[in-house]
$ cat target.cif   # mmCIF, C-alpha atoms
data_coords
#
loop_
_atom_site.label_atom_id
_atom_site.label_comp_id
_atom_site.auth_asym_id
_atom_site.auth_seq_id
_atom_site.Cartn_x
_atom_site.Cartn_y
_atom_site.Cartn_z
CA GLY L 597 2.59 -8.82 12.02
CA GLN L 598 2.77 -11.69 9.52
CA ASN L 599 -0.11 -13.62 11.07
CA ILE L 600 1.46 -14.05 14.47
CA ASP L 601 -1.27 -13.87 17.06
CA GLN L 602 -0.86 -13.18 20.73
CA PRO L 603 -3.41 -12.14 23.33
CA THR L 604 -2.87 -8.52 24.30
CA GLU L 605 -2.82 -8.28 28.07
CA MET L 606 -3.09 -10.31 31.24
CA THR L 607 -2.80 -9.67 34.96
CA ALA L 608 -1.39 -12.18 37.42
CA THR L 609 -0.43 -12.29 41.08
CA GLU L 610 3.12 -12.44 42.39
CA GLY L 611 4.18 -16.08 42.84
CA ALA L 612 1.64 -17.37 40.34
CA ILE L 613 2.17 -19.13 37.00
CA VAL L 614 1.13 -17.55 33.73
CA GLN L 615 1.03 -19.01 30.22
CA ILE L 616 1.35 -16.80 27.16
CA ASN L 617 0.25 -18.28 23.86
CA CYS L 618 1.38 -17.61 20.33
CA THR L 619 -0.03 -18.97 17.10
CA TYR L 620 1.55 -18.47 13.72
CA GLN L 621 1.34 -19.45 10.07
CA THR L 622 3.46 -22.57 9.56
CA SER L 623 4.68 -21.95 6.01
CA GLY L 624 8.43 -21.35 5.83
CA PHE L 625 8.81 -21.75 9.59
CA ASN L 626 12.40 -21.94 10.73
CA GLY L 627 12.32 -21.35 14.48
CA LEU L 628 10.49 -19.44 17.18
CA PHE L 629 11.90 -17.03 19.72
CA TRP L 630 10.48 -15.47 22.84
CA TYR L 631 11.62 -12.03 23.96
CA GLN L 632 10.83 -9.91 27.02
CA GLN L 633 10.49 -6.16 26.62
CA HIS L 634 10.08 -3.60 29.38
CA ALA L 635 8.47 -0.36 28.29
CA GLY L 636 10.85 1.83 26.31
CA GLU L 637 13.66 -0.69 26.54
CA ALA L 638 15.24 -3.19 24.17
CA PRO L 639 13.75 -6.65 23.79
CA THR L 640 15.85 -9.28 25.57
CA PHE L 641 16.11 -12.87 24.43
CA LEU L 642 14.38 -15.49 26.56
CA SER L 643 14.18 -18.73 24.61
CA TYR L 644 14.40 -20.42 21.24
CA ASN L 645 12.49 -23.43 19.92
CA VAL L 646 13.04 -25.07 16.57
CA LEU L 647 11.96 -28.64 17.38
CA ASP L 648 8.72 -29.75 19.00
CA GLY L 649 8.66 -29.96 22.76
CA LEU L 650 9.48 -28.06 25.89
CA GLU L 651 12.60 -26.01 26.58
CA GLU L 652 13.13 -25.10 30.22
CA LYS L 653 15.29 -22.25 31.46
CA GLY L 654 14.91 -21.56 35.13
CA ARG L 655 11.52 -19.96 35.83
CA PHE L 656 10.77 -19.70 32.11
CA SER L 657 9.77 -22.56 29.80
CA SER L 658 8.75 -22.49 26.17
CA PHE L 659 6.83 -25.10 24.21
CA LEU L 660 6.50 -25.58 20.46
CA SER L 661 4.20 -27.62 18.25
CA ARG L 662 5.23 -27.10 14.64
CA SER L 663 2.30 -29.02 13.16
CA LYS L 664 -0.18 -26.83 15.05
CA GLY L 665 1.69 -23.56 14.53
CA TYR L 666 1.54 -23.00 18.28
CA SER L 667 3.91 -22.03 21.04
CA TYR L 668 3.56 -20.97 24.62
CA LEU L 669 5.79 -19.31 27.18
CA LEU L 670 5.31 -20.37 30.79
CA LEU L 671 6.40 -18.02 33.53
CA LYS L 672 6.59 -19.58 36.99
CA GLU L 673 6.93 -18.01 40.44
CA LEU L 674 6.06 -14.62 39.03
CA GLN L 675 8.00 -11.65 40.35
CA MET L 676 7.12 -7.96 40.10
CA LYS L 677 10.04 -7.48 37.70
CA ASP L 678 8.34 -9.87 35.27
CA SER L 679 5.83 -7.14 34.44
CA ALA L 680 6.65 -6.59 30.78
CA SER L 681 5.58 -7.31 27.25
CA TYR L 682 6.37 -10.81 25.99
CA LEU L 683 7.01 -11.04 22.28
CA CYS L 684 6.79 -14.13 20.16
CA ALA L 685 8.97 -13.98 17.04
CA VAL L 686 8.95 -16.41 14.12
CA LYS L 687 11.94 -16.90 11.88
CA ARG L 688 10.86 -17.30 8.30
CA ASN L 689 12.92 -16.73 5.14
CA ASN L 690 15.72 -15.03 7.07
CA ARG L 691 13.29 -12.61 8.66
CA LEU L 692 12.44 -12.52 12.33
CA ALA L 693 8.83 -11.40 12.44
CA PHE L 694 7.39 -10.34 15.79
CA GLY L 695 3.89 -10.57 17.14
CA LYS L 696 2.48 -7.48 18.84
CA GLY L 697 3.31 -8.89 22.24
CA ASN L 698 1.40 -9.81 25.34
CA GLN L 699 1.52 -7.34 28.22
CA VAL L 700 1.80 -9.12 31.57
CA VAL L 701 1.06 -7.09 34.68
CA VAL L 702 2.15 -8.66 37.96
CA ILE L 703 0.32 -7.46 41.08
CA PRO L 704 1.22 -8.08 44.73
CA ASP M 866 24.17 -4.80 28.13
CA SER M 867 23.60 -6.74 24.90
CA GLY M 868 26.80 -5.55 23.25
CA VAL M 869 24.87 -3.84 20.45
CA THR M 870 25.39 -0.08 20.42
CA GLN M 871 23.03 2.39 18.82
CA THR M 872 23.50 6.11 18.45
CA PRO M 873 22.01 8.54 19.02
CA LYS M 874 19.66 7.52 21.86
CA HIS M 875 17.24 10.34 21.12
CA LEU M 876 16.67 12.43 18.05
CA ILE M 877 14.21 15.24 17.48
CA THR M 878 13.89 16.63 14.00
CA ALA M 879 11.45 18.45 11.75
CA THR M 880 9.29 17.07 8.99
CA GLY M 881 11.04 16.86 5.65
CA GLN M 882 14.46 16.37 7.18
CA ARG M 883 16.86 13.45 6.85
CA VAL M 884 18.54 11.56 9.67
CA THR M 885 21.04 8.74 9.99
CA LEU M 886 20.87 6.15 12.76
CA ARG M 887 23.95 4.14 13.55
CA CYS M 888 24.40 0.63 14.88
CA SER M 889 27.49 -1.28 15.97
CA PRO M 890 26.79 -5.00 16.27
CA ARG M 891 28.18 -7.33 18.93
CA SER M 892 31.74 -8.38 18.30
CA GLY M 893 31.72 -11.36 15.92
CA ASP M 894 28.13 -10.90 14.72
CA LEU M 895 27.76 -10.73 10.96
CA SER M 896 24.01 -10.12 10.74
CA VAL M 897 22.37 -6.80 11.47
CA TYR M 898 18.61 -6.25 11.58
CA TRP M 899 16.65 -3.00 11.74
CA TYR M 900 13.22 -2.74 13.32
CA GLN M 901 10.73 0.07 13.81
CA GLN M 902 8.50 0.07 16.86
CA SER M 903 5.60 2.45 17.19
CA LEU M 904 2.93 2.36 19.89
CA ASP M 905 0.24 0.76 17.79
CA GLN M 906 2.29 -1.43 15.47
CA GLY M 907 4.66 -3.50 17.52
CA LEU M 908 8.09 -4.39 16.21
CA GLN M 909 8.13 -4.13 12.41
CA PHE M 910 11.01 -5.72 10.53
CA LEU M 911 12.65 -3.28 8.12
CA ILE M 912 15.77 -4.89 6.69
CA GLN M 913 18.58 -7.35 7.37
CA TYR M 914 22.21 -7.33 6.30
CA TYR M 915 24.65 -10.18 6.48
CA ASN M 916 28.37 -9.48 6.13
CA GLY M 917 27.75 -6.36 4.09
CA GLU M 918 25.06 -7.73 1.80
CA GLU M 919 21.33 -7.16 2.02
CA ARG M 920 19.78 -10.46 3.10
CA ALA M 921 16.09 -9.75 3.63
CA LYS M 922 13.73 -6.84 3.26
CA GLY M 923 10.58 -6.16 5.19
CA ASN M 924 8.17 -3.25 5.30
CA ILE M 925 10.79 -0.61 4.61
CA LEU M 926 9.60 2.56 2.93
CA GLU M 927 11.35 3.85 -0.19
CA ARG M 928 12.29 6.96 1.81
CA PHE M 929 14.36 4.72 4.07
CA SER M 930 17.61 3.03 3.17
CA ALA M 931 20.31 1.16 4.99
CA GLN M 932 23.76 -0.25 4.50
CA GLN M 933 26.30 -2.35 6.31
CA PHE M 934 29.92 -1.31 6.07
CA PRO M 935 33.07 -3.46 5.87
CA ASP M 936 33.62 -3.06 9.59
CA LEU M 937 30.06 -4.48 9.99
CA HIS M 938 28.50 -1.41 11.53
CA SER M 939 25.26 -0.38 9.90
CA GLU M 940 23.41 2.84 9.23
CA LEU M 941 19.73 3.44 8.64
CA ASN M 942 18.94 6.57 6.66
CA LEU M 943 15.48 8.09 6.96
CA SER M 944 14.62 10.92 4.58
CA SER M 945 11.69 13.24 3.87
CA LEU M 946 10.59 12.56 7.40
CA GLU M 947 6.91 12.60 8.30
CA LEU M 948 5.19 12.82 11.67
CA GLY M 949 4.27 9.15 11.38
CA ASP M 950 7.92 8.16 11.30
CA SER M 951 8.20 8.99 14.99
CA ALA M 952 9.04 5.69 16.64
CA LEU M 953 11.70 3.66 18.39
CA TYR M 954 14.19 2.24 15.91
CA PHE M 955 15.99 -0.87 17.07
CA CYS M 956 19.03 -2.53 15.66
CA ALA M 957 19.76 -6.16 16.47
CA SER M 958 22.64 -8.43 15.60
CA SER M 959 23.29 -12.13 15.50
CA VAL M 960 26.16 -14.40 14.56
CA GLY M 961 24.38 -15.60 11.44
CA GLY M 962 20.79 -15.80 10.39
CA GLU M 963 19.89 -18.83 12.46
CA THR M 964 20.61 -17.77 16.01
CA GLU M 965 18.96 -15.40 18.42
CA ALA M 966 19.28 -11.71 17.80
CA PHE M 967 20.47 -9.29 20.47
CA PHE M 968 18.98 -5.83 20.49
CA GLY M 969 20.50 -2.44 21.03
CA GLN M 970 18.81 0.11 23.29
CA GLY M 971 17.18 1.81 20.36
CA THR M 972 17.00 5.32 18.96
CA ARG M 973 13.88 7.25 19.83
CA LEU M 974 13.03 9.44 16.85
CA THR M 975 10.56 12.26 17.26
CA VAL M 976 9.49 14.14 14.16
CA VAL M 977 7.86 17.49 14.87
#

$ encode --input "target.cif" --output "structure tokens"
Amino acid sequence: GQNIDQPTEMTATEGAIVQINCTYQTSGFNGLFWYQQHAGEAPTFLSYNVLDGLEEKGRFSSFLSRSKGYSYLLLKELQMKDSASYLCAVKRNNRLAFGKGNQVVVIP
Amino acid sequence: DSGVTQTPKHLITATGQRVTLRCSPRSGDLSVYWYQQSLDQGLQFLIQYYNGEERAKGNILERFSAQQFPDLHSELNLSSLELGDSALYFCASSVGGETEAFFGQGTRLTVV
């Protein structure tokens, strides 16, 4: 939705590192959020970027480049419980618009 | 537990009917957001309220309406229901409009 692009699915091995990308239209940009959603459950907040650079939170890091309209979420030391959809959400004009999400499947 | 409460958890109703979904935001949160999530569409923003006033509107159909009450709980009313309205409806809340939103567990609506 609203020109937020995310790849649809990826598979990775337990213990590995995976990077999930998100590109968006830059007009009216006012912050970018990453959420994790397990099937049928509520999205849960992971990270927030409003300035350029890297935000690190434990095994998860998120990067933002405002000029490029680009963000990524880095998941390190993957665990089976990390199998979920990862949603990029852009705040613009008081709306939080979500991408369709990237499904990450973690295999042993 | 995010602190956002949605009721009911599940709802099955017939086409043409009207339903009301309820959301209680986290204590202290003034903003409430409603989202619809269907299998092929992802999370679609419907509407946002801030302290009782409508703040932003998304892809909300005319058959749908919402309000936020003085005690800050919100209701989403869906009328003349169609099969395509079957989806998960999420409510989220935040302190204001600039901080992260916390989601309720959703109401799964099935229209038959």

$ closest_residue --input "target.cif" --among "M:Ile877, M:Cys956, M:Leu946, M:Ile925" --to "chain L" --atoms "only C-alpha atoms"
M:Cys956

$ resolve_selection --input "target.cif" --expression "the PyMOL selection byres ((chain M) within 10 of (chain L))" --output "PyMOL selection string"
chain M and resi 866-867+898+900+902+904-913+920-923+953-957+961-971+973

$ atom_distance --input "target.cif" --atom1 "CA of Ser679 in chain L" --atom2 "CA of Val869 in chain M"
23.9 Å

$ closest_residue --input "target.cif" --among "M:Ser944, M:Ser930, M:Ser889, M:Ser903" --to "Gln871 in chain M" --atoms "only C-alpha atoms"
M:Ser889

$ closest_residue --input "target.cif" --among "M:Leu941, M:His875, M:Ala952, M:Asn916" --to "Cys888 in chain M" --atoms "all atoms listed in the file"
M:Leu941

$ resolve_selection --input "target.cif" --expression "the PyMOL selection byres ((chain L and resi 651) around 12)" --output "list in words"
Leu628, Phe629, Trp630, Leu642, Ser643, Tyr644, Asn645, Val646, Leu647, Asp648, Gly649, Leu650, Glu652, Lys653, Gly654, Arg655, Phe656, Ser657, Ser658, Phe659, Leu660, Ser661, Ser667, Tyr668, Leu669 and Leu670 of chain L

$ atom_distance --input "target.cif" --atom1 "CA of Leu895 in chain M" --atom2 "CA of Tyr682 in chain L"
26.1 Å

$ residues_around --input "target.cif" --residues "Tyr620 in chain L" --least-positions-apart "3" --cutoff "8 Å" --atoms "all atoms listed in the file" --output "list in words"
Asn599, Ile600, Asp601, Gly665, Tyr666 and Val686 of chain L

$ resolve_selection --input "target.cif" --expression "the PyMOL selection byres ((chain L and resi 606-617) around 7)" --output "PDB file with C-alpha atoms, in the frame of the given file"
ATOM      1  CA  GLN L 602      -0.860 -13.180  20.730  1.00  0.00           C
ATOM      2  CA  GLU L 605      -2.820  -8.280  28.070  1.00  0.00           C
ATOM      3  CA  CYS L 618       1.380 -17.610  20.330  1.00  0.00           C
ATOM      4  CA  THR L 619      -0.030 -18.970  17.100  1.00  0.00           C
ATOM      5  CA  SER L 667       3.910 -22.030  21.040  1.00  0.00           C
ATOM      6  CA  TYR L 668       3.560 -20.970  24.620  1.00  0.00           C
ATOM      7  CA  LEU L 669       5.790 -19.310  27.180  1.00  0.00           C
ATOM      8  CA  LEU L 670       5.310 -20.370  30.790  1.00  0.00           C
ATOM      9  CA  LEU L 671       6.400 -18.020  33.530  1.00  0.00           C
ATOM     10  CA  LYS L 672       6.590 -19.580  36.990  1.00  0.00           C
ATOM     11  CA  GLU L 673       6.930 -18.010  40.440  1.00  0.00           C
ATOM     12  CA  LEU L 674       6.060 -14.620  39.030  1.00  0.00           C
ATOM     13  CA  GLN L 675       8.000 -11.650  40.350  1.00  0.00           C
ATOM     14  CA  MET L 676       7.120  -7.960  40.100  1.00  0.00           C
ATOM     15  CA  GLN L 699       1.520  -7.340  28.220  1.00  0.00           C
ATOM     16  CA  VAL L 700       1.800  -9.120  31.570  1.00  0.00           C
ATOM     17  CA  VAL L 701       1.060  -7.090  34.680  1.00  0.00           C
ATOM     18  CA  VAL L 702       2.150  -8.660  37.960  1.00  0.00           C
ATOM     19  CA  ILE L 703       0.320  -7.460  41.080  1.00  0.00           C
ATOM     20  CA  PRO L 704       1.220  -8.080  44.730  1.00  0.00           C
TER      21      PRO L 704
END

$ closest_residue --input "target.cif" --among "L:Thr604, L:His634, L:Asp678, L:Arg662" --to "Gln621 in chain L" --atoms "all atoms listed in the file"
L:Arg662

$ atom_distance --input "target.cif" --atom1 "CA of Leu943 in chain M" --atom2 "CA of Glu927 in chain M"
9.3 Å

$ closest_residue --input "target.cif" --among "M:Leu926, M:Ala879, M:Leu974, M:Leu886" --to "His938 in chain M" --atoms "only C-alpha atoms"
M:Leu886

$ decode --input "target.cif" --residues "range 603-640 of chain L" --atoms "N, CA and C atoms" --output "CSV table (one decimal), in the first residue's frame"
chain,number,residue,atom,x,y,z
L,603,PRO,N,10.1,-7.2,-0.5
L,603,PRO,CA,10.0,-8.5,-1.1
L,603,PRO,C,9.1,-9.4,-0.4
L,604,THR,N,8.6,-10.5,-1.0
L,604,THR,CA,7.5,-11.2,-0.4
L,604,THR,C,7.9,-12.3,0.6
L,605,GLU,N,8.9,-13.1,0.3
L,605,GLU,CA,9.2,-14.2,1.1
L,605,GLU,C,10.7,-14.5,1.0
L,606,MET,N,11.2,-15.0,2.2
L,606,MET,CA,12.6,-15.5,2.1
L,606,MET,C,12.7,-16.6,3.2
L,607,THR,N,13.7,-17.5,2.9
L,607,THR,CA,13.9,-18.6,3.8
L,607,THR,C,15.4,-18.5,4.3
L,608,ALA,N,15.6,-18.8,5.6
L,608,ALA,CA,16.9,-18.7,6.1
L,608,ALA,C,17.1,-19.7,7.2
L,609,THR,N,18.4,-20.0,7.4
L,609,THR,CA,18.7,-21.1,8.4
L,609,THR,C,18.9,-20.5,9.8
L,610,GLU,N,18.5,-21.3,10.8
L,610,GLU,CA,18.7,-21.0,12.2
L,610,GLU,C,20.1,-20.5,12.4
L,611,GLY,N,20.3,-19.4,13.1
L,611,GLY,CA,21.6,-18.9,13.4
L,611,GLY,C,22.2,-17.9,12.4
L,612,ALA,N,21.5,-17.9,11.2
L,612,ALA,CA,22.0,-17.0,10.2
L,612,ALA,C,21.6,-15.6,10.4
L,613,ILE,N,22.0,-14.7,9.4
L,613,ILE,CA,21.6,-13.3,9.4
L,613,ILE,C,20.7,-13.1,8.2
L,614,VAL,N,19.7,-12.3,8.3
L,614,VAL,CA,18.8,-12.0,7.2
L,614,VAL,C,18.5,-10.5,7.1
L,615,GLN,N,18.5,-10.0,5.9
L,615,GLN,CA,18.2,-8.5,5.8
L,615,GLN,C,16.9,-8.4,5.0
L,616,ILE,N,16.0,-7.6,5.5
L,616,ILE,CA,14.7,-7.4,4.8
L,616,ILE,C,14.7,-5.9,4.4
L,617,ASN,N,14.4,-5.7,3.1
L,617,ASN,CA,14.5,-4.3,2.6
L,617,ASN,C,13.1,-3.7,2.5
L,618,CYS,N,13.1,-2.4,2.5
L,618,CYS,CA,11.8,-1.7,2.3
L,618,CYS,C,12.1,-0.4,1.6
L,619,THR,N,11.5,-0.1,0.5
L,619,THR,CA,11.6,1.1,-0.2
L,619,THR,C,10.3,1.8,-0.2
L,620,TYR,N,10.3,3.2,-0.2
L,620,TYR,CA,9.0,3.9,-0.1
L,620,TYR,C,9.2,5.2,-0.8
L,621,GLN,N,8.0,5.8,-1.1
L,621,GLN,CA,8.0,7.2,-1.6
L,621,GLN,C,8.4,8.2,-0.5
L,622,THR,N,9.2,9.1,-0.8
L,622,THR,CA,9.8,10.0,0.2
L,622,THR,C,8.9,11.2,0.6
L,623,SER,N,7.9,11.5,-0.3
L,623,SER,CA,7.1,12.7,0.0
L,623,SER,C,6.3,12.6,1.3
L,624,GLY,N,6.4,13.6,2.1
L,624,GLY,CA,5.7,13.6,3.4
L,624,GLY,C,6.2,12.7,4.4
L,625,PHE,N,7.3,12.1,4.2
L,625,PHE,CA,7.8,11.1,5.2
L,625,PHE,C,8.0,11.7,6.5
L,626,ASN,N,7.6,10.9,7.5
L,626,ASN,CA,7.7,11.4,8.9
L,626,ASN,C,8.1,10.3,9.9
L,627,GLY,N,8.8,9.3,9.4
L,627,GLY,CA,9.2,8.2,10.3
L,627,GLY,C,8.9,6.8,9.7
L,628,LEU,N,9.7,5.8,10.1
L,628,LEU,CA,9.5,4.5,9.5
L,628,LEU,C,9.6,3.5,10.7
L,629,PHE,N,8.6,2.6,10.7
L,629,PHE,CA,8.5,1.6,11.8
L,629,PHE,C,8.7,0.2,11.1
L,630,TRP,N,9.2,-0.7,11.9
L,630,TRP,CA,9.2,-2.1,11.6
L,630,TRP,C,8.4,-2.9,12.6
L,631,TYR,N,7.5,-3.7,12.1
L,631,TYR,CA,6.7,-4.6,13.0
L,631,TYR,C,6.9,-6.0,12.6
L,632,GLN,N,6.7,-6.9,13.6
L,632,GLN,CA,6.7,-8.4,13.4
L,632,GLN,C,5.3,-8.9,13.5
L,633,GLN,N,4.9,-9.7,12.7
L,633,GLN,CA,3.5,-10.3,12.8
L,633,GLN,C,3.6,-11.8,12.6
L,634,HIS,N,3.2,-12.6,13.6
L,634,HIS,CA,3.0,-14.0,13.4
L,634,HIS,C,1.6,-14.2,12.9
L,635,ALA,N,1.4,-15.3,12.1
L,635,ALA,CA,0.1,-15.5,11.4
L,635,ALA,C,-1.0,-15.5,12.4
L,636,GLY,N,-2.0,-14.6,12.0
L,636,GLY,CA,-3.3,-14.5,12.8
L,636,GLY,C,-3.1,-13.8,14.1
L,637,GLU,N,-1.9,-13.2,14.3
L,637,GLU,CA,-1.7,-12.4,15.6
L,637,GLU,C,-1.6,-10.9,15.3
L,638,ALA,N,-1.5,-10.2,16.3
L,638,ALA,CA,-1.3,-8.7,16.2
L,638,ALA,C,0.1,-8.4,15.8
L,639,PRO,N,0.3,-7.4,15.0
L,639,PRO,CA,1.7,-6.9,14.7
L,639,PRO,C,2.3,-6.4,16.1
L,640,THR,N,3.6,-6.6,16.2
L,640,THR,CA,4.3,-6.1,17.4
L,640,THR,C,5.4,-5.2,17.0
